[in-house]
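Shown next, in structure tokens, is the structure this report addresses.
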Amino acid sequence: MVRGLAREGGRVSGVTILQGARHWKSGATIDVAMRDGAIVEVRPSQSAEIKSDTLIEAAGRVLAPGLVDLHVHLREPGQTSKESIATGTRAAAAGGFTAVACMPNTNPVVDNVAWVRWVLERAAESGHCRVHPIAVVTLGQKGEQLAEMHALAAAGAVAFSDDGRPVMSAAIMRRALEYSRPLGLPIVCHEEDLTLKGDGHMNEGAVATRLGIRGIPSQAESVMAWRDVDLAALTRGRVHLAHLSCASSFEALRHARRRGLNVTGETCPHYWMLTEEAVGDYDTHAKMNPPLRAEHDRLATIEAIVDGTIDCLTTDHAPHTFEEKRQTFDAAPFGIVGLETAIALTVTGLVEPGHLSLARAIELWTDAPRRVFGLPQVSLEVGSPADLVLLEPEERWTVEPAAFYSKGRNTPFGGMQVRGRAALTMCGGRITHALPAVVIRRGAETGAAVGAM
Ligand SMILES: [Zn+2]
């Protein structure tokens, strides 16, 4: 059971029935009954009146396991002007997510057991989805001394990462892979050679030259991706390549796959939606790390998703304050928010143009990330946790950053017309998000009476 979700007004007791939803894989129209946080019955939909304590009208919507984002920055402890566990997970629920893995580059960083426990406790108190903490690879993320990986894993860490910074020393990365291997947990690699990045602020190329902004070559990412694939071969360790953005990094991942190495990889919506051109007139909302790349990298991103090179999708949700992002391009921090636009950008950028089926697109946000981090699987079957999302894949809407649940407004997609959104999210059987248009009937309105279908 997920504790701490009751406050959301979504408190549900007895039997809840989702009526008339379209199964995300089979396309069949189904009714799903839930009790005590789990699915208790699934059957072909019947139009007859159903007795339940809570009835959710789901006709015309697609029902899928709740989405999972393996790469978010919830900013707690310490940076609550950017985001908090409460606001970040509320944004996640609004985006259709029932679980997130959060990065440890907070202030202080999550580099000991006490902070892992603290994150889990905060999430239980104030969270609106399941939260899986990622712990650091090196103490203080300084890249010098390994963290206590066994103890961190025992406390609940699901992976290790110095995200925000690379592990520059290949020797330290080698040791990290050796120590984490028996734990079966991945090292999530933020691939960036700092000597190649230098003082760069966007992709190296014609746009950077025109704007007079120092550039970051794509090799700053890919040489490290190739290095860590090689270290995976040396150690047989478990490598997960984070937020890949360029053609050469996808080649490294393909190479790893051919060699049968224990390497997986992710990419994010902005890399298939946008290029360096989005920086336009020094727009800091298009400043992220790795940076938006050239058109051939954007096309390579789509290809790597379509051909299965990419294992799963993530947002790299990285909220910053308005004041931070309003600075000059060089001074502003890297990063954009992503939880509330993820599924729309997936439908708009990958499904609508015909690159992926809707089912495959959803899988990249549900079953696939659960497999990558070894999280418990969720299905639309009896006995599964009721961690579910009702999607409206056809729905058109306009991205309005002011309406985000996240504290972050830093998105380059503001004002964009997109398609597809989460209408309702349930976590552990509790409603954690619902659009006003969703009809939810409770108690007497449903024809009363307990007892499943
Ligand atoms: Zn990163």
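Scheme for the structure tokens: letters A, B, ... for chains in order shown; per-chain residue numbers from 1; ligand numbers from 1 in order shown.
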Each residue of chain A with at least one atom at most 10 Å from ligand 1 should appear once, together with its nearest atom pair and the corresponding distance in Å (one decimal); atoms considered: only C-alpha atoms and all ligand atoms; ordering: chain, then increasing residue number; output as a tab-separated table.
```
residue	atom	partner	partner_atom_place_in_ligand_line	distance
A:His71	CA	ligand 1	1 (Zn)	8.5
A:Val72	CA	ligand 1	1 (Zn)	9.7
A:His73	CA	ligand 1	1 (Zn)	9.7
A:Met103	CA	ligand 1	1 (Zn)	8.9
A:Asn105	CA	ligand 1	1 (Zn)	9.7
A:Ser161	CA	ligand 1	1 (Zn)	8.9
A:Asp162	CA	ligand 1	1 (Zn)	8.2
A:Asp163	CA	ligand 1	1 (Zn)	4.5
A:Gly164	CA	ligand 1	1 (Zn)	4.5
A:Arg165	CA	ligand 1	1 (Zn)	6.8
A:Pro166	CA	ligand 1	1 (Zn)	8.1
A:Val188	CA	ligand 1	1 (Zn)	9.0
A:Cys189	CA	ligand 1	1 (Zn)	7.7
A:His190	CA	ligand 1	1 (Zn)	4.6
A:Glu191	CA	ligand 1	1 (Zn)	7.4
A:Glu192	CA	ligand 1	1 (Zn)	8.6
A:Leu241	CA	ligand 1	1 (Zn)	9.6
A:Ala242	CA	ligand 1	1 (Zn)	6.5
A:His243	CA	ligand 1	1 (Zn)	6.6
A:Leu244	CA	ligand 1	1 (Zn)	9.3
A:Met288	CA	ligand 1	1 (Zn)	9.3
A:Asn289	CA	ligand 1	1 (Zn)	6.6
A:Pro290	CA	ligand 1	1 (Zn)	7.2
A:Asp316	CA	ligand 1	1 (Zn)	7.2
A:Ala318	CA	ligand 1	1 (Zn)	9.4
A:Phe334	CA	ligand 1	1 (Zn)	9.8
A:Gly335	CA	ligand 1	1 (Zn)	9.2
```
Practice prompt. Using DSSP on the backbone coordinates, identify all residues within region 303-398 of chain A classified as strand (DSSP E); present the result as a PyMOL selection string.
Written response: chain A and resi 312-313+388-398
Worksheet item: Skipping near chain neighbours, those fewer than 3 positions away, what residues fall within 7 Å of Thr348 (chain A) using only C-alpha atoms, listed as a PyMOL selection string?
Response: chain A and resi 344-345+351-352+418-419
Could you dump the residues just selected with C-alpha atoms as a PDB file, in the first residue's frame?
```pdb
ATOM      1  CA  ALA A 344       1.649  14.440 -24.894  1.00  0.00           C
ATOM      2  CA  LEU A 345       5.082  14.912 -26.461  1.00  0.00           C
ATOM      3  CA  VAL A 351       2.671   8.258 -32.384  1.00  0.00           C
ATOM      4  CA  GLU A 352       0.911  10.880 -34.498  1.00  0.00           C
ATOM      5  CA  VAL A 418      -0.145  18.930 -28.342  1.00  0.00           C
ATOM      6  CA  ARG A 419      -2.187  15.753 -28.375  1.00  0.00           C
TER       7      ARG A 419
END
```
Set out as JSON lines a contact list for region 165-256 of chain A and region 291-294 of chain A with a cut-off of 12 Å, giving each residue of region 165-256 of chain A that qualifies its closest atom pair and distance in Å to one decimal, counting only C-alpha atoms, ordered by chain and rising residue number.
```
{"residue": "A:Glu192", "atom": "CA", "partner": "A:Pro291", "partner_atom": "CA", "distance": 11.0}
{"residue": "A:Lys197", "atom": "CA", "partner": "A:Pro291", "partner_atom": "CA", "distance": 10.7}
{"residue": "A:Gly200", "atom": "CA", "partner": "A:Pro291", "partner_atom": "CA", "distance": 9.7}
{"residue": "A:His201", "atom": "CA", "partner": "A:Pro291", "partner_atom": "CA", "distance": 7.7}
{"residue": "A:Met202", "atom": "CA", "partner": "A:Pro291", "partner_atom": "CA", "distance": 5.3}
{"residue": "A:Asn203", "atom": "CA", "partner": "A:Pro291", "partner_atom": "CA", "distance": 5.5}
{"residue": "A:Glu204", "atom": "CA", "partner": "A:Arg293", "partner_atom": "CA", "distance": 8.3}
{"residue": "A:Gly205", "atom": "CA", "partner": "A:Ala294", "partner_atom": "CA", "distance": 8.0}
{"residue": "A:Ala206", "atom": "CA", "partner": "A:Ala294", "partner_atom": "CA", "distance": 9.4}
{"residue": "A:Val207", "atom": "CA", "partner": "A:Ala294", "partner_atom": "CA", "distance": 9.4}
{"residue": "A:Ala208", "atom": "CA", "partner": "A:Arg293", "partner_atom": "CA", "distance": 10.8}
{"residue": "A:Arg214", "atom": "CA", "partner": "A:Pro291", "partner_atom": "CA", "distance": 11.9}
{"residue": "A:Gly215", "atom": "CA", "partner": "A:Pro291", "partner_atom": "CA", "distance": 9.4}
{"residue": "A:Ile216", "atom": "CA", "partner": "A:Pro291", "partner_atom": "CA", "distance": 7.8}
{"residue": "A:Pro217", "atom": "CA", "partner": "A:Arg293", "partner_atom": "CA", "distance": 9.1}
{"residue": "A:Ser218", "atom": "CA", "partner": "A:Arg293", "partner_atom": "CA", "distance": 7.6}
{"residue": "A:Gln219", "atom": "CA", "partner": "A:Arg293", "partner_atom": "CA", "distance": 11.4}
{"residue": "A:Ala220", "atom": "CA", "partner": "A:Pro291", "partner_atom": "CA", "distance": 10.7}
{"residue": "A:Glu221", "atom": "CA", "partner": "A:Pro291", "partner_atom": "CA", "distance": 10.0}
{"residue": "A:His243", "atom": "CA", "partner": "A:Pro291", "partner_atom": "CA", "distance": 10.2}
{"residue": "A:Leu244", "atom": "CA", "partner": "A:Pro291", "partner_atom": "CA", "distance": 10.2}
{"residue": "A:Ser245", "atom": "CA", "partner": "A:Arg293", "partner_atom": "CA", "distance": 7.0}
{"residue": "A:Cys246", "atom": "CA", "partner": "A:Arg293", "partner_atom": "CA", "distance": 7.0}
{"residue": "A:Ala247", "atom": "CA", "partner": "A:Arg293", "partner_atom": "CA", "distance": 9.7}
{"residue": "A:Ser248", "atom": "CA", "partner": "A:Arg293", "partner_atom": "CA", "distance": 11.9}
```
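Atom to atom, CA of Arg35 (chain A) and CA of Val382 (chain A) stand 10.6 Å apart.
The space separating CA of Asp36 (chain A) from CA of Asp69 (chain A) comes to 24.7 Å.
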Worksheet entry | Sel. of helix (DSSP H, G or I) residues, region 205-361 of chain A, as number ranges by chain | A: 206-211, 219-235, 247-258, 269-273, 276-279, 284-286, 295-306, 322-325, 342-351, 358-361
Worksheet item: How many Å separate CA of Ser222 (chain A) from CA of Thr275 (chain A)?
Response: 17.5 Å
Practice prompt. Would you mind listing what lies within 9 Å of Glu148 (chain A) as a PyMOL selection string, with only C-alpha atoms counted and same-chain residues fewer than 6 positions away left out?
Written response: chain A and resi 111-113+137-139
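For the set A:Gly60, A:Gly184, A:Gly265, A:Pro412, the residue with the smallest atom-to-atom gap to Thr309 (chain A) is A:Gly265, counting only C-alpha atoms.
Take the candidates A:Ser52, A:Thr235, A:Thr366, A:Ser26 and check each one against Asp311 (chain A) using only C-alpha atoms; the shortest distance goes to A:Thr366.
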